[in-house]
Amino acid sequence: MTIPDKYSEKHRVTYYEADFTRRMTLAMMLDIVILASEDQSEKLNVGSDTVKKIKHGLGRYSILN
């Protein structure tokens with residue numbers, strides 16, 4: 001299986017993802033990044049269940065139970 005260099009998906013910013021100046025907040029941006037990451041993992045058949053089974057994630061970070 002070839003792993004693509006990039007993953008993207010469309011997201012429409014809703015009013016509750018923005019602050020009173022109508023700009024997306026950093027916290028909401030991070031939420032969207034995490035959601036996209038989860039979607040990509042599922043698309044690659046490497047969901048959170050798979051990561052938990054192997055007891056570590058990518059890179060130097062690990063998942064603690």
# chains A, B, ... in the order shown; residues from 1 in each chain; ligands from 1
$ residues_around --residues "Arg12 (chain A)" --least-positions-apart "6" --cutoff "12 Å" --atoms "only C-alpha atoms" --output "list in words"
Ala18, Met24, Met29 and Ile32 of chain A
$ atom_distance --atom1 "CA of Thr14 (chain A)" --atom2 "CA of Ser48 (chain A)"
26.7 Å
$ closest_residue --among "A:Met28, A:Glu17, A:Tyr7, A:Thr2" --to "Ser41 (chain A)" --atoms "only C-alpha atoms"
A:Tyr7
$ select_by_dssp --residues "region 7-61 of chain A" --states "helix (DSSP H, G or I)" --output "ChimeraX atom specification"
/A:15-17,26-43,48-54
$ residues_around --residues "Ser37 (chain A)" --least-positions-apart "5" --cutoff "12 Å" --atoms "only C-alpha atoms" --output "list of chain:residue names"
A:Lys6, A:Tyr7, A:Ser8, A:Glu9, A:Leu30, A:Asp31, A:Ile32, A:Glu42, A:Lys43, A:Leu44, A:Val46, A:Gly47, A:Ser48
$ write_last_selection --atoms "N, CA and C atoms" --output "mmCIF file, in the first residue's frame"
data_model
loop_
_atom_site.group_PDB
_atom_site.id
_atom_site.type_symbol
_atom_site.label_atom_id
_atom_site.label_comp_id
_atom_site.auth_asym_id
_atom_site.auth_seq_id
_atom_site.Cartn_x
_atom_site.Cartn_y
_atom_site.Cartn_z
ATOM 1 N N LYS A 6 0.108 13.732 1.205
ATOM 2 C CA LYS A 6 -0.807 14.722 1.792
ATOM 3 C C LYS A 6 -2.189 14.125 1.972
ATOM 4 N N TYR A 7 -2.903 14.643 2.941
ATOM 5 C CA TYR A 7 -4.302 14.281 3.147
ATOM 6 C C TYR A 7 -5.058 15.576 3.364
ATOM 7 N N SER A 8 -6.196 15.700 2.749
ATOM 8 C CA SER A 8 -7.003 16.902 2.971
ATOM 9 C C SER A 8 -8.478 16.538 2.913
ATOM 10 N N GLU A 9 -9.270 17.365 3.521
ATOM 11 C CA GLU A 9 -10.723 17.236 3.446
ATOM 12 C C GLU A 9 -11.323 18.617 3.631
ATOM 13 N N LEU A 30 -7.402 23.323 16.212
ATOM 14 C CA LEU A 30 -6.806 22.077 16.664
ATOM 15 C C LEU A 30 -7.822 20.942 16.646
ATOM 16 N N ASP A 31 -9.062 21.229 17.018
ATOM 17 C CA ASP A 31 -10.120 20.216 16.944
ATOM 18 C C ASP A 31 -10.294 19.709 15.519
ATOM 19 N N ILE A 32 -10.279 20.619 14.550
ATOM 20 C CA ILE A 32 -10.436 20.238 13.149
ATOM 21 C C ILE A 32 -9.248 19.409 12.678
ATOM 22 N N GLU A 42 -8.542 6.339 9.807
ATOM 23 C CA GLU A 42 -9.601 5.390 9.454
ATOM 24 C C GLU A 42 -9.528 5.021 7.975
ATOM 25 N N LYS A 43 -9.257 5.992 7.126
ATOM 26 C CA LYS A 43 -9.155 5.734 5.687
ATOM 27 C C LYS A 43 -7.998 4.792 5.377
ATOM 28 N N LEU A 44 -6.925 4.879 6.152
ATOM 29 C CA LEU A 44 -5.762 4.008 5.976
ATOM 30 C C LEU A 44 -5.901 2.693 6.740
ATOM 31 N N VAL A 46 -6.005 2.325 9.905
ATOM 32 C CA VAL A 46 -5.134 2.382 11.075
ATOM 33 C C VAL A 46 -5.825 3.265 12.109
ATOM 34 N N GLY A 47 -7.001 2.863 12.527
ATOM 35 C CA GLY A 47 -7.773 3.647 13.482
ATOM 36 C C GLY A 47 -7.197 3.585 14.875
ATOM 37 N N SER A 48 -7.846 4.232 15.799
ATOM 38 C CA SER A 48 -7.344 4.292 17.176
ATOM 39 C C SER A 48 -7.270 2.910 17.809
#
$ atom_distance --atom1 "CA of Val33 (chain A)" --atom2 "CA of His11 (chain A)"
10.4 Å
